[in-house]
$ cat my_file.cif   # mmCIF, C-alpha atoms
data_start
#
loop_
_atom_site.label_atom_id
_atom_site.label_comp_id
_atom_site.auth_asym_id
_atom_site.auth_seq_id
_atom_site.Cartn_x
_atom_site.Cartn_y
_atom_site.Cartn_z
CA MET A 13 4.27 8.80 177.55
CA HIS A 14 3.21 6.67 174.58
CA ALA A 15 -0.35 6.54 175.85
CA GLU A 16 -0.79 10.30 175.77
CA SER A 17 -3.96 11.12 173.89
CA LEU A 18 -3.86 13.29 170.79
CA PRO A 19 -5.99 16.19 172.11
CA SER A 20 -3.81 16.30 175.19
CA ILE A 21 -0.64 16.51 173.06
CA PHE A 22 -2.18 19.30 171.02
CA LEU A 23 -3.33 21.35 174.02
CA ASN A 24 -0.07 20.78 175.79
CA ALA A 25 2.01 22.08 172.90
CA ALA A 26 -0.31 24.95 172.01
CA ILE A 27 -1.25 26.40 175.37
CA VAL A 28 0.13 24.81 178.51
CA ASN A 29 3.73 24.59 177.32
CA ASN A 30 3.36 27.27 174.69
CA PHE A 31 6.48 27.14 172.55
CA VAL A 32 7.08 30.87 172.63
CA LEU A 33 5.88 32.01 176.01
CA ALA A 34 6.70 29.05 178.22
CA MET A 35 9.61 27.38 176.47
CA PHE A 36 11.30 30.37 174.80
CA LEU A 37 11.54 28.87 171.35
CA GLY A 38 11.25 31.17 168.36
CA ILE A 39 11.77 34.44 170.20
CA CYS A 40 13.54 36.13 167.26
CA PRO A 41 10.55 36.14 164.87
CA PHE A 42 8.25 36.69 167.85
CA LEU A 43 9.93 40.03 168.50
CA GLY A 44 10.87 40.71 164.89
CA VAL A 45 7.66 40.33 162.89
CA SER A 46 5.01 41.04 165.49
CA ALA A 47 4.63 44.72 164.63
CA LYS A 48 1.64 44.20 162.29
CA LYS A 49 -1.13 41.64 162.55
CA GLU A 50 -1.20 40.75 158.87
CA THR A 51 2.52 40.03 158.61
CA ALA A 52 2.36 38.12 161.87
CA TRP A 53 -0.44 35.92 160.52
CA ASN A 54 1.42 35.12 157.28
CA MET A 55 4.64 34.46 159.14
CA GLY A 56 2.73 32.15 161.47
CA LEU A 57 1.32 30.15 158.56
CA ALA A 58 4.76 29.78 156.97
CA VAL A 59 6.16 28.51 160.26
CA VAL A 60 3.29 26.04 160.71
CA PHE A 61 4.02 24.62 157.28
CA VAL A 62 7.74 24.28 157.97
CA LEU A 63 6.97 22.69 161.34
CA LEU A 64 4.74 20.05 159.77
CA VAL A 65 7.16 19.20 156.96
CA SER A 66 10.20 19.05 159.19
CA SER A 67 8.36 17.07 161.87
CA ALA A 68 7.41 14.39 159.35
CA ALA A 69 10.89 14.35 157.83
CA ALA A 70 12.58 14.28 161.24
CA PHE A 71 10.51 11.26 162.19
CA GLY A 72 11.67 9.38 159.09
CA ILE A 73 15.29 10.39 159.56
CA ASN A 74 15.33 9.41 163.20
CA TRP A 75 13.99 5.97 162.32
CA LEU A 76 16.65 5.56 159.65
CA LEU A 77 19.48 6.73 161.89
CA VAL A 78 18.43 4.43 164.72
CA GLU A 79 18.34 1.50 162.29
CA LEU A 80 21.84 2.35 161.06
CA GLN A 81 23.06 3.21 164.59
CA LEU A 82 24.21 6.65 163.50
CA GLU A 83 22.38 8.67 166.16
CA PHE A 84 25.26 11.12 166.53
CA LEU A 85 24.45 12.46 163.08
CA ARG A 86 20.94 13.37 164.19
CA LEU A 87 21.52 17.07 164.71
CA ILE A 88 23.27 17.58 161.37
CA CYS A 89 20.56 15.70 159.46
CA TYR A 90 17.74 17.55 161.19
CA ILE A 91 19.17 20.94 160.40
CA ALA A 92 19.75 19.96 156.77
CA VAL A 93 16.13 18.85 156.40
CA ILE A 94 14.84 22.03 158.01
CA ALA A 95 16.97 24.19 155.74
CA SER A 96 15.53 22.40 152.70
CA ALA A 97 11.96 22.79 153.95
CA VAL A 98 12.51 26.50 154.45
CA GLN A 99 13.97 26.81 150.97
CA LEU A 100 10.82 25.14 149.64
CA VAL A 101 8.55 27.59 151.42
CA GLU A 102 10.67 30.50 150.25
CA MET A 103 10.40 29.46 146.61
CA PHE A 104 6.66 28.92 146.97
CA VAL A 105 6.01 32.31 148.58
CA LYS A 106 8.23 34.16 146.11
CA ARG A 107 6.37 32.63 143.22
CA HIS A 108 2.82 33.08 144.46
CA SER A 109 2.97 36.30 146.42
CA PRO A 110 5.90 38.62 145.81
CA ALA A 111 4.30 41.26 148.06
CA LEU A 112 4.27 38.87 150.98
CA PHE A 113 7.82 37.86 150.14
CA HIS A 114 8.93 41.44 150.57
CA SER A 115 7.00 42.11 153.76
CA LEU A 116 8.51 39.05 155.47
CA GLY A 117 11.94 40.03 154.24
CA ILE A 118 14.93 38.51 155.97
CA PHE A 119 12.72 36.68 158.44
CA LEU A 120 11.67 34.12 155.85
CA PRO A 121 15.09 32.50 155.35
CA LEU A 122 15.67 32.97 159.07
CA ILE A 123 12.97 30.37 159.81
CA THR A 124 15.88 27.94 159.41
CA THR A 125 17.38 29.35 162.56
CA ASN A 126 14.02 29.48 164.33
CA CYS A 127 14.62 27.43 167.45
CA ALA A 128 10.99 26.33 167.45
CA VAL A 129 11.52 24.20 164.35
CA LEU A 130 14.66 22.41 165.49
CA GLY A 131 13.33 22.31 169.04
CA LEU A 132 10.20 20.53 167.88
CA ALA A 133 12.22 17.91 166.02
CA LEU A 134 14.42 17.33 169.08
CA PHE A 135 11.53 17.19 171.55
CA GLN A 136 9.46 14.75 169.51
CA THR A 137 12.50 12.45 169.37
CA GLN A 138 13.08 12.86 173.10
CA LYS A 139 9.44 12.09 173.92
CA GLU A 140 9.40 9.10 171.53
CA TYR A 141 6.18 10.10 169.80
CA ASP A 142 4.92 7.91 166.96
CA PHE A 143 4.23 9.38 163.52
CA ILE A 144 0.67 10.65 164.14
CA GLN A 145 1.57 11.98 167.58
CA SER A 146 4.51 13.86 166.05
CA LEU A 147 2.29 15.52 163.48
CA VAL A 148 -0.27 16.52 166.10
CA TYR A 149 2.56 17.84 168.26
CA ALA A 150 3.83 19.91 165.33
CA LEU A 151 0.33 21.24 164.66
CA GLY A 152 -0.10 22.16 168.32
CA ALA A 153 3.27 23.89 168.45
CA GLY A 154 2.39 25.79 165.28
CA ALA A 155 -0.99 26.83 166.67
CA GLY A 156 0.70 28.02 169.84
CA PHE A 157 3.24 30.00 167.83
CA VAL A 158 0.51 31.67 165.73
CA LEU A 159 -1.51 32.43 168.87
CA ALA A 160 1.43 34.05 170.66
CA LEU A 161 2.43 36.00 167.57
CA MET A 162 -1.09 37.30 166.95
CA LEU A 163 -1.64 38.30 170.59
CA MET A 164 1.66 40.15 170.58
CA ALA A 165 0.91 41.85 167.25
CA GLY A 166 -2.49 42.99 168.53
CA LEU A 167 -0.90 44.45 171.65
CA ARG A 168 1.84 46.17 169.73
CA GLU A 169 -0.58 47.73 167.24
CA ARG A 170 -2.39 49.31 170.18
CA LEU A 171 0.88 50.33 171.74
CA ALA A 172 1.99 52.14 168.59
CA LEU A 173 -0.89 54.56 169.11
CA SER A 174 -0.06 55.44 172.67
CA ARG A 175 2.65 57.66 174.08
CA VAL A 176 5.29 55.88 176.10
CA PRO A 177 8.31 57.32 177.92
CA ASP A 178 11.39 57.71 175.73
CA VAL A 179 13.43 55.25 177.75
CA SER A 180 11.09 52.36 177.17
CA GLN A 181 10.86 52.69 173.41
CA GLY A 182 11.61 49.63 171.32
CA ALA A 183 12.69 46.23 172.47
CA ALA A 184 12.53 46.89 176.20
CA LEU A 185 8.81 47.54 176.15
CA SER A 186 8.14 44.56 173.86
CA LEU A 187 9.94 42.32 176.32
CA MET A 188 7.92 43.65 179.23
CA LEU A 189 4.73 42.99 177.25
CA ALA A 190 5.92 39.49 176.44
CA GLY A 191 6.56 38.95 180.13
CA LEU A 192 2.97 39.91 180.97
CA LEU A 193 1.66 37.61 178.24
CA SER A 194 3.81 34.81 179.55
CA LEU A 195 2.47 35.48 183.04
CA ALA A 196 -1.06 35.14 181.69
CA PHE A 197 -0.23 31.84 180.02
CA MET A 198 1.10 30.47 183.28
CA GLY A 199 -2.50 30.36 184.39
CA PHE A 200 -2.90 27.31 182.18
CA ALA A 201 -0.17 25.38 183.97
CA GLY A 202 -1.30 21.99 185.15
CA LEU A 203 -4.11 21.82 182.62
CA GLY A 204 -2.59 19.00 180.62
CA GLY A 205 0.13 17.50 182.78
CA SER A 206 3.27 19.47 183.34
CA HIS A 207 6.19 17.99 181.53
CA GLY A 208 8.50 20.11 179.46
CA MET B 10 35.50 30.16 144.99
CA ALA B 11 34.64 32.88 147.43
CA ASP B 12 35.19 36.49 146.49
CA LEU B 13 38.40 38.02 147.65
CA PRO B 14 37.93 39.74 150.99
CA LYS B 15 37.27 43.43 150.74
CA TYR B 16 39.49 44.38 153.62
CA GLN B 17 41.67 42.61 156.09
CA GLU B 18 41.17 43.83 159.57
CA ASP B 19 44.27 44.46 161.61
CA LEU B 20 44.46 42.83 164.96
CA THR B 21 43.76 45.49 167.55
CA LEU B 22 42.36 45.60 171.02
CA ASP B 23 39.07 46.70 169.49
CA THR B 24 38.73 43.33 167.73
CA PHE B 25 38.21 41.78 171.14
CA VAL B 26 36.58 44.55 173.14
CA ARG B 27 33.95 45.34 170.53
CA GLY B 28 32.08 42.13 171.29
CA LEU B 29 31.93 42.92 174.98
CA TRP B 30 30.04 46.17 174.88
CA LYS B 31 29.63 48.11 171.62
CA GLU B 32 28.42 45.09 169.67
CA ASN B 33 27.26 43.00 172.61
CA PRO B 34 25.25 40.24 170.93
CA VAL B 35 22.47 40.24 173.51
CA PHE B 36 22.00 43.76 174.82
CA VAL B 37 22.82 45.71 171.67
CA MET B 38 22.09 43.42 168.74
CA LEU B 39 19.30 41.39 170.38
CA LEU B 40 20.50 38.11 168.90
CA GLY B 41 20.28 34.63 170.33
CA MET B 42 17.34 35.44 172.55
CA CYS B 43 16.10 31.89 173.03
CA PRO B 44 18.94 30.48 175.16
CA VAL B 45 19.30 33.87 176.86
CA LEU B 46 15.80 33.62 178.25
CA ALA B 47 15.49 29.89 178.65
CA VAL B 48 18.55 28.78 180.59
CA THR B 49 19.20 31.81 182.77
CA ASN B 50 17.17 30.71 185.78
CA SER B 51 20.40 30.21 187.72
CA ALA B 52 23.86 31.73 187.45
CA ILE B 53 25.68 28.44 186.96
CA ASN B 54 23.39 27.37 184.09
CA ALA B 55 23.89 30.76 182.48
CA ILE B 56 27.69 30.56 182.64
CA SER B 57 27.81 26.99 181.35
CA MET B 58 25.59 27.93 178.44
CA GLY B 59 27.78 30.95 177.70
CA LEU B 60 30.93 28.85 177.75
CA ALA B 61 29.42 26.13 175.57
CA SER B 62 28.34 28.74 173.03
CA THR B 63 31.79 30.35 173.14
CA VAL B 64 33.48 27.03 172.40
CA VAL B 65 31.22 26.50 169.38
CA LEU B 66 31.70 30.11 168.28
CA VAL B 67 35.50 29.94 168.42
CA GLY B 68 35.77 26.44 166.93
CA SER B 69 33.42 27.01 164.03
CA GLY B 70 34.85 30.48 163.42
CA ALA B 71 38.37 29.08 163.18
CA LEU B 72 37.38 26.30 160.80
CA ILE B 73 35.32 28.60 158.58
CA SER B 74 38.12 31.14 158.50
CA LEU B 75 40.62 28.46 157.44
CA MET B 76 38.28 27.12 154.77
CA ARG B 77 37.04 30.49 153.52
CA HIS B 78 38.75 30.13 150.13
CA TRP B 79 37.34 26.67 149.47
CA ILE B 80 33.69 27.14 150.37
CA PRO B 81 31.69 28.00 147.24
CA LYS B 82 29.64 31.14 147.66
CA GLN B 83 26.33 29.59 146.68
CA VAL B 84 26.29 26.92 149.37
CA ARG B 85 28.10 28.85 152.08
CA ILE B 86 25.21 29.09 154.55
CA ALA B 87 24.59 25.35 154.34
CA SER B 88 28.30 24.67 154.80
CA TYR B 89 28.46 26.96 157.82
CA ILE B 90 25.48 25.25 159.41
CA VAL B 91 27.00 21.81 158.94
CA ILE B 92 30.29 22.99 160.46
CA ILE B 93 28.45 24.57 163.39
CA ALA B 94 26.33 21.47 163.90
CA THR B 95 29.49 19.36 164.06
CA PHE B 96 30.94 21.47 166.84
CA VAL B 97 27.63 21.52 168.71
CA THR B 98 27.47 17.73 168.58
CA MET B 99 30.96 17.60 170.07
CA VAL B 100 30.07 20.04 172.85
CA ASP B 101 26.84 18.13 173.49
CA TYR B 102 28.68 14.84 174.05
CA ALA B 103 31.40 16.58 176.06
CA ILE B 104 28.91 18.11 178.50
CA GLN B 105 27.13 14.78 178.80
CA ALA B 106 30.46 13.22 179.77
CA ILE B 107 31.51 15.96 182.19
CA SER B 108 28.34 16.59 184.14
CA LEU B 109 25.08 14.76 183.72
CA ASP B 110 23.28 17.15 186.09
CA LEU B 111 24.23 20.12 183.96
CA TYR B 112 23.21 18.23 180.84
CA ALA B 113 19.77 17.62 182.33
CA ALA B 114 19.41 21.24 183.42
CA LEU B 115 20.27 22.70 180.02
CA GLY B 116 18.31 20.04 178.16
CA ALA B 117 17.65 20.55 174.48
CA PHE B 118 19.15 24.01 174.59
CA ILE B 119 22.67 22.66 174.14
CA GLN B 120 21.69 21.19 170.79
CA LEU B 121 19.77 24.35 169.99
CA ILE B 122 23.08 26.26 169.96
CA VAL B 123 23.08 25.27 166.28
CA VAL B 124 20.31 27.74 165.55
CA ASN B 125 21.78 30.51 167.67
CA CYS B 126 21.79 33.49 165.30
CA ILE B 127 24.96 34.89 166.90
CA ILE B 128 27.11 32.04 165.65
CA LEU B 129 25.78 32.02 162.10
CA GLY B 130 25.91 35.80 162.07
CA ARG B 131 29.58 35.83 163.08
CA ALA B 132 30.37 33.14 160.51
CA GLU B 133 28.74 35.12 157.72
CA ALA B 134 29.87 38.59 158.72
CA TYR B 135 33.35 37.97 160.07
CA ALA B 136 34.90 34.53 159.86
CA SER B 137 34.19 34.13 156.15
CA GLN B 138 36.32 37.17 155.34
CA GLN B 139 39.05 37.44 157.91
CA ARG B 140 42.27 35.63 158.68
CA LEU B 141 42.50 33.06 161.43
CA VAL B 142 43.94 35.08 164.31
CA PRO B 143 41.55 38.07 164.15
CA THR B 144 38.67 35.62 163.82
CA LEU B 145 39.75 33.77 166.94
CA VAL B 146 40.11 36.99 168.91
CA ASN B 147 36.83 38.42 167.68
CA SER B 148 34.95 35.18 168.38
CA LEU B 149 36.37 35.10 171.89
CA GLY B 150 35.20 38.69 172.43
CA VAL B 151 31.70 37.99 171.23
CA GLY B 152 31.58 34.78 173.24
CA ALA B 153 32.69 36.65 176.35
CA GLY B 154 30.06 39.33 175.70
CA PHE B 155 27.41 36.64 175.38
CA THR B 156 28.56 34.93 178.58
CA ILE B 157 28.54 38.22 180.48
CA ALA B 158 25.03 38.98 179.28
CA LEU B 159 23.83 35.52 180.27
CA PHE B 160 25.45 35.93 183.68
CA ALA B 161 23.85 39.36 184.12
CA LEU B 162 20.45 37.77 183.63
CA GLY B 163 21.14 34.52 185.44
CA SER B 164 22.53 36.11 188.58
CA VAL B 165 19.68 38.61 188.94
CA ARG B 166 17.10 35.90 188.39
CA GLU B 167 18.75 33.51 190.84
CA ILE B 168 19.23 36.14 193.55
CA LEU B 169 15.64 37.37 193.34
CA GLY B 170 14.02 34.06 192.48
CA SER B 171 15.60 31.76 195.01
CA GLY B 172 17.69 34.04 197.23
CA THR B 173 20.92 32.28 196.29
CA LEU B 174 23.96 32.82 194.07
CA PHE B 175 25.77 29.71 192.81
CA GLY B 176 23.67 27.81 195.36
CA ILE B 177 24.91 29.85 198.35
CA HIS B 178 22.18 31.49 200.40
CA LEU B 179 22.55 35.26 200.49
CA PHE B 180 19.68 36.29 202.71
CA GLY B 181 18.37 35.23 206.08
CA ALA B 182 15.47 32.87 206.55
CA GLY B 183 13.05 35.79 206.41
CA PHE B 184 13.60 36.25 202.67
CA GLN B 185 10.57 35.46 200.59
CA PRO B 186 11.78 34.38 197.12
CA TRP B 187 10.14 35.96 194.09
CA VAL B 188 9.26 32.67 192.48
CA VAL B 189 8.11 34.40 189.31
CA MET B 190 11.72 35.31 188.53
CA VAL B 191 12.83 31.71 187.94
CA LEU B 192 9.68 30.99 185.93
CA PRO B 193 9.40 31.96 182.25
CA PRO B 194 7.90 35.47 182.74
CA GLY B 195 10.87 36.43 184.91
CA GLY B 196 13.21 35.99 181.96
CA PHE B 197 11.28 38.52 179.91
CA PHE B 198 11.01 40.96 182.81
CA VAL B 199 14.69 40.89 183.76
CA LEU B 200 15.92 41.24 180.18
CA GLY B 201 13.43 44.06 179.66
CA ALA B 202 14.69 45.76 182.80
CA TRP B 203 18.34 45.51 181.67
CA LEU B 204 17.42 47.03 178.31
CA LEU B 205 15.54 49.83 180.07
CA LEU B 206 18.61 50.56 182.16
CA PHE B 207 20.90 50.68 179.09
CA ASN B 208 18.42 52.88 177.20
CA TRP B 209 18.32 55.24 180.15
CA ILE B 210 22.10 55.48 180.31
CA LYS B 211 22.30 56.06 176.56
CA LEU B 212 19.62 58.76 176.60
CA ARG B 213 21.27 60.55 179.48
CA ARG B 214 24.60 60.55 177.70
CA GLU B 215 23.04 61.90 174.49
CA ARG B 216 21.25 64.63 176.37
CA ARG B 217 24.44 65.71 178.06
CA ILE B 218 26.16 66.06 174.68
CA GLU B 219 23.25 67.98 173.19
CA THR B 220 23.07 70.50 176.02
CA PRO B 221 25.25 73.45 174.96
CA GLN B 222 27.83 74.46 177.49
CA GLY B 223 27.22 77.68 179.35
CA ILE B 224 23.48 77.23 179.51
CA PRO B 225 22.45 75.52 182.73
CA ALA B 226 20.66 72.24 182.20
CA ASN B 227 17.48 73.38 183.93
CA ALA B 228 17.06 76.28 181.47
CA ARG B 229 16.34 73.99 178.55
#
$ encode --input "my_file.cif" --output "structure tokens"
Amino acid sequence: MHAESLPSIFLNAAIVNNFVLAMFLGICPFLGVSAKKETAWNMGLAVVFVLLVSSAAAFGINWLLVELQLEFLRLICYIAVIASAVQLVEMFVKRHSPALFHSLGIFLPLITTNCAVLGLALFQTQKEYDFIQSLVYALGAGAGFVLALMLMAGLRERLALSRVPDVSQGAALSLMLAGLLSLAFMGFAGLGGSHG
Amino acid sequence: MADLPKYQEDLTLDTFVRGLWKENPVFVMLLGMCPVLAVTNSAINAISMGLASTVVLVGSGALISLMRHWIPKQVRIASYIVIIATFVTMVDYAIQAISLDLYAALGAFIQLIVVNCIILGRAEAYASQQRLVPTLVNSLGVGAGFTIALFALGSVREILGSGTLFGIHLFGAGFQPWVVMVLPPGGFFVLGAWLLLFNWIKLRRERRIETPQGIPANAR
């Protein structure tokens, strides 16, 4: 898998094995902040940034842990790095855009517990990507996350204007929509090699 | 030094049962969606995931409850995450030792238990304030609720998607499996369908309470 080309890694992470719709990572923010397009976009950007930082940091940490033969500490170190990266983003957003800080609300600190971030760090270790490949992988995963979030937000904005039966209000309908989106993304399967 | 707890909950049956239905982490609170959707393509995967999460939930809850007076308030979330990550690492190695097949099937999602909101949520909302025994009981209840929810999804998806339950064939050879159910979209559809069912039950119950007695229902 070392020979995998960079565009193929990117496409694979963004579309074929879309982090949200095909691998179920980051479902909480996907359902939580996809009610409005603008919030979704900002949330997406914050996640992309955290993904890039934590991907780079995870690569360094993994190298260090393998050198020291302390691989069993991997999970604890990864989560500590991710928590710090999220803290960084939180401070930055609070300082530069208090309005955005309020609209993201609790979901900003919750990026720490976004499976997509930890999942990315674990998968890049599992696939033994080198440094550049890891960064491209992170970028692809981020692009896929933003894409899924924006598509969902667009659909839900339309949905808010239409009348639906009482029973299907709320999460149930969102999940059905997500299922249809996921079905659509399955059309890409096989485009870039099919390994999870 | 953590603040003194505001109230100490007495140990009642409700401490346990609450997690099963009224505060079911998946169906009511919509937490921990990622493993719920990702590993429920067969009943056995779903149950193993539920049990693994329960072990982490109970273990970390117990430790946090014991240490609640020594964890400084400012760094409590970080402390909780480190404690949870420790238990997850243990479970991860244990599963690897017990069954390699299962380990391969669940993949990265065992390690992703760390970022399961249910566990951190319990730690913050319950274990950090309550004594050891109620915490243990409550964690067990929530863990059982989570396992039941996972099983509800996993069994439906396995029966429809491959015509089996725990690997035993249920239908004759004429059964055409709905392959979509074991693929990613199936997860969304089945969970959505369960939520629809619960919404329907809830609405019906509310309507029955609202309808004044003496007036027939069709006169509304």
$ residues_near_point --input "my_file.cif" --point "(25.7, 27.2, 168.1)" --cutoff "7 Å" --atoms "only C-alpha atoms" --output "JSON, numbers by chain"
{"B": [62, 65, 66, 93, 97, 121, 122, 123, 124, 125, 128]}
$ resolve_selection --input "my_file.cif" --expression "the PyMOL selection byres ((chain B) within 8 of (chain A))" --output "number ranges by chain"
B: 40-44, 46-47, 87, 90-91, 94-95, 98, 117, 120-121, 123-126, 193-198, 200-202, 204-205, 208-209, 212
$ write_last_selection --input "my_file.cif" --atoms "C-alpha atoms" --output "PDB file, in the frame of the given file"
ATOM      1  CA  LEU B  40      20.500  38.110 168.900  1.00  0.00           C
ATOM      2  CA  GLY B  41      20.280  34.630 170.330  1.00  0.00           C
ATOM      3  CA  MET B  42      17.340  35.440 172.550  1.00  0.00           C
ATOM      4  CA  CYS B  43      16.100  31.890 173.030  1.00  0.00           C
ATOM      5  CA  PRO B  44      18.940  30.480 175.160  1.00  0.00           C
ATOM      6  CA  LEU B  46      15.800  33.620 178.250  1.00  0.00           C
ATOM      7  CA  ALA B  47      15.490  29.890 178.650  1.00  0.00           C
ATOM      8  CA  ALA B  87      24.590  25.350 154.340  1.00  0.00           C
ATOM      9  CA  ILE B  90      25.480  25.250 159.410  1.00  0.00           C
ATOM     10  CA  VAL B  91      27.000  21.810 158.940  1.00  0.00           C
ATOM     11  CA  ALA B  94      26.330  21.470 163.900  1.00  0.00           C
ATOM     12  CA  THR B  95      29.490  19.360 164.060  1.00  0.00           C
ATOM     13  CA  THR B  98      27.470  17.730 168.580  1.00  0.00           C
ATOM     14  CA  ALA B 117      17.650  20.550 174.480  1.00  0.00           C
ATOM     15  CA  GLN B 120      21.690  21.190 170.790  1.00  0.00           C
ATOM     16  CA  LEU B 121      19.770  24.350 169.990  1.00  0.00           C
ATOM     17  CA  VAL B 123      23.080  25.270 166.280  1.00  0.00           C
ATOM     18  CA  VAL B 124      20.310  27.740 165.550  1.00  0.00           C
ATOM     19  CA  ASN B 125      21.780  30.510 167.670  1.00  0.00           C
ATOM     20  CA  CYS B 126      21.790  33.490 165.300  1.00  0.00           C
ATOM     21  CA  PRO B 193       9.400  31.960 182.250  1.00  0.00           C
ATOM     22  CA  PRO B 194       7.900  35.470 182.740  1.00  0.00           C
ATOM     23  CA  GLY B 195      10.870  36.430 184.910  1.00  0.00           C
ATOM     24  CA  GLY B 196      13.210  35.990 181.960  1.00  0.00           C
ATOM     25  CA  PHE B 197      11.280  38.520 179.910  1.00  0.00           C
ATOM     26  CA  PHE B 198      11.010  40.960 182.810  1.00  0.00           C
ATOM     27  CA  LEU B 200      15.920  41.240 180.180  1.00  0.00           C
ATOM     28  CA  GLY B 201      13.430  44.060 179.660  1.00  0.00           C
ATOM     29  CA  ALA B 202      14.690  45.760 182.800  1.00  0.00           C
ATOM     30  CA  LEU B 204      17.420  47.030 178.310  1.00  0.00           C
ATOM     31  CA  LEU B 205      15.540  49.830 180.070  1.00  0.00           C
ATOM     32  CA  ASN B 208      18.420  52.880 177.200  1.00  0.00           C
ATOM     33  CA  TRP B 209      18.320  55.240 180.150  1.00  0.00           C
ATOM     34  CA  LEU B 212      19.620  58.760 176.600  1.00  0.00           C
TER      35      LEU B 212
END
$ atom_distance --input "my_file.cif" --atom1 "atom CA of B:Ile73" --atom2 "atom CA of B:Pro143"
12.6 Å
$ residues_around --input "my_file.cif" --residues "B:Asn147" --least-positions-apart "6" --cutoff "12 Å" --atoms "all atoms listed in the file" --output "mmCIF file with C-alpha atoms, in the coordinates of the input"
data_model
loop_
_atom_site.group_PDB
_atom_site.id
_atom_site.type_symbol
_atom_site.label_atom_id
_atom_site.label_comp_id
_atom_site.auth_asym_id
_atom_site.auth_seq_id
_atom_site.Cartn_x
_atom_site.Cartn_y
_atom_site.Cartn_z
ATOM 1 C CA GLU B 18 41.170 43.830 159.570
ATOM 2 C CA ASP B 19 44.270 44.460 161.610
ATOM 3 C CA LEU B 20 44.460 42.830 164.960
ATOM 4 C CA THR B 21 43.760 45.490 167.550
ATOM 5 C CA LEU B 22 42.360 45.600 171.020
ATOM 6 C CA ASP B 23 39.070 46.700 169.490
ATOM 7 C CA THR B 24 38.730 43.330 167.730
ATOM 8 C CA PHE B 25 38.210 41.780 171.140
ATOM 9 C CA VAL B 26 36.580 44.550 173.140
ATOM 10 C CA ARG B 27 33.950 45.340 170.530
ATOM 11 C CA GLY B 28 32.080 42.130 171.290
ATOM 12 C CA LEU B 29 31.930 42.920 174.980
ATOM 13 C CA GLU B 32 28.420 45.090 169.670
ATOM 14 C CA ASN B 33 27.260 43.000 172.610
ATOM 15 C CA THR B 63 31.790 30.350 173.140
ATOM 16 C CA LEU B 66 31.700 30.110 168.280
ATOM 17 C CA VAL B 67 35.500 29.940 168.420
ATOM 18 C CA GLY B 70 34.850 30.480 163.420
ATOM 19 C CA ALA B 71 38.370 29.080 163.180
ATOM 20 C CA SER B 74 38.120 31.140 158.500
ATOM 21 C CA ILE B 128 27.110 32.040 165.650
ATOM 22 C CA ARG B 131 29.580 35.830 163.080
ATOM 23 C CA ALA B 132 30.370 33.140 160.510
ATOM 24 C CA ALA B 134 29.870 38.590 158.720
ATOM 25 C CA TYR B 135 33.350 37.970 160.070
ATOM 26 C CA ALA B 136 34.900 34.530 159.860
ATOM 27 C CA GLN B 139 39.050 37.440 157.910
ATOM 28 C CA ARG B 140 42.270 35.630 158.680
ATOM 29 C CA LEU B 141 42.500 33.060 161.430
ATOM 30 C CA ALA B 153 32.690 36.650 176.350
ATOM 31 C CA GLY B 154 30.060 39.330 175.700
#
$ closest_residue --input "my_file.cif" --among "A:Thr137, A:Val62, A:Pro177, A:Val101" --to "A:Trp75" --atoms "all atoms listed in the file"
A:Thr137
